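Taking it in order: structure first as structure tokens, then the write-up.
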Amino acid sequence: MNGATWDSVKVNLSTNIFFDLPKRIGCPDCNNGGTEWIEIELTNGETHKVTFEYGKEPSLLKDYLIKIRKIKDMNNCN
């Protein structure tokens, strides 16, 4: 993914709000339902990873995940 594409995804993402999300939301992979996660690393090296049930992303992340999934599909990333 080139820098411009990534910039278009993260332009409105508030890292402060993202870092306030709990590390685990819902019951990821309960009943073999699957797990998804997003991890952000800041330029200072600080990281935060949020794990959630497959297809049940937090509403705050929905728009970003739609864009990321579209990019993944265009690049045949599995």
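Chains: A, B, ... in order of the structure tokens. Residues: from 1 per chain. Ligands: from 1, in order shown.
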- Task: Identify, on the basis of only C-alpha atoms, every residue whose closest approach to Ser14 in chain A does not exceed 12 Å; exclude the query and any residue fewer than 5 positions from it along the same chain; express the result as a ChimeraX atom specification.
- Result: /A:9,19-21,40,42,60-61,64
Can you write out the residues you just picked, keeping C-alpha atoms, as a short mmCIF file (atom, residue, chain, number, x, y, z; two decimals), in the first residue's frame?
data_model
loop_
_atom_site.label_atom_id
_atom_site.label_comp_id
_atom_site.auth_asym_id
_atom_site.auth_seq_id
_atom_site.Cartn_x
_atom_site.Cartn_y
_atom_site.Cartn_z
CA VAL A 9 -7.57 5.69 5.45
CA PHE A 19 -5.97 4.18 22.26
CA ASP A 20 -8.87 4.58 24.72
CA LEU A 21 -10.65 1.52 23.28
CA ILE A 40 -1.61 1.03 15.51
CA LEU A 42 2.78 5.64 16.64
CA LEU A 60 -15.73 3.82 15.70
CA LEU A 61 -13.64 1.60 13.39
CA TYR A 64 -11.72 2.50 8.49
#
Lys49 in chain A surroundings by only C-alpha atoms, 7 Å radius, close-in-sequence under 3 positions cut, as a compact mmCIF listing (two decimals) with C-alpha atoms, in the first residue's frame:
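Heads up, here's the output in result-v9.txt:
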# COMPACT_ATOMS: atom_id res chain seq x y z
CA LYS A 23 -7.84 -4.24 24.05
CA TRP A 37 -7.86 -6.93 15.12
CA ILE A 38 -6.31 -3.59 14.37
CA GLU A 39 -3.00 -2.46 15.79
CA ILE A 40 -1.61 1.03 15.51
- Message: I'd like to know which of A:Asn12, A:Gly26, A:Glu41, A:Ala4 is closest to Pro58 in chain A, using only C-alpha atoms.
- Response: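 Distance minimum relative to Pro58 in chain A lands on A:Gly26.
Picture a line from CA of Asp73 in chain A to CA of Thr5 in chain A; it runs 13.7 Å.
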- Task: Would you please extract all alpha helix (DSSP H) residues from chain A, as assigned by DSSP on the backbone, and give them as JSON, numbers by chain?
- Result: {"A": [3, 4, 5, 6, 7, 8, 9, 10, 15, 16, 17, 18, 19, 20, 62, 63, 64, 65, 66, 67, 68, 69, 70, 71, 72, 73, 74]}
- Task: Calculate how many Å separate CA of Asp29 in chain A from CA of Lys10 in chain A, rounding to one decimal.
- Result: 26.6 Å
- Which parts of chain A does DSSP call strand (DSSP E) when run on the backbone here, written out as JSON, numbers by chain? {"A": [24, 25, 35, 36, 37, 38, 39, 40, 41, 47, 48, 49, 50, 51, 52, 53]}
Residues from last step as file, C-alpha atoms, as a PDB file, in the first residue's frame:
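New file again28.pdb:
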ATOM      1  CA  ARG A  24     -10.661  -6.777  23.692  1.00  0.00           C
ATOM      2  CA  ILE A  25     -14.220  -6.037  22.608  1.00  0.00           C
ATOM      3  CA  THR A  35     -11.339 -12.775  15.342  1.00  0.00           C
ATOM      4  CA  GLU A  36     -10.230  -9.524  13.765  1.00  0.00           C
ATOM      5  CA  TRP A  37      -7.860  -6.935  15.120  1.00  0.00           C
ATOM      6  CA  ILE A  38      -6.310  -3.585  14.370  1.00  0.00           C
ATOM      7  CA  GLU A  39      -2.998  -2.463  15.786  1.00  0.00           C
ATOM      8  CA  ILE A  40      -1.608   1.032  15.514  1.00  0.00           C
ATOM      9  CA  GLU A  41       1.989   1.973  16.170  1.00  0.00           C
ATOM     10  CA  THR A  47       1.302   0.620  20.191  1.00  0.00           C
ATOM     11  CA  HIS A  48      -2.285  -0.358  20.869  1.00  0.00           C
ATOM     12  CA  LYS A  49      -4.098  -3.426  19.550  1.00  0.00           C
ATOM     13  CA  VAL A  50      -7.874  -3.877  19.620  1.00  0.00           C
ATOM     14  CA  THR A  51      -9.276  -7.388  19.087  1.00  0.00           C
ATOM     15  CA  PHE A  52     -12.947  -7.996  18.308  1.00  0.00           C
ATOM     16  CA  GLU A  53     -15.340 -10.573  16.887  1.00  0.00           C
TER      17      GLU A  53
END
- Item | Nearest residue to Thr43 in chain A from the set A:Cys27, A:Ile66, A:Thr15, A:Ile71 (distances using only C-alpha atoms) |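 Result for the nearest residue to Thr43 in chain A: A:Thr15.
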- For CA of Lys67 in chain A and CA of Trp6 in chain A, determine how far apart the two atoms are, in Å to one decimal place.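 Rounded to one decimal, the two atoms are 9.5 Å apart.
With only C-alpha atoms as the atoms that count, the residue of A:Gly45, A:Gly34, A:Tyr54, A:Ile68 with the shortest distance to Ser8 in chain A is A:Ile68.
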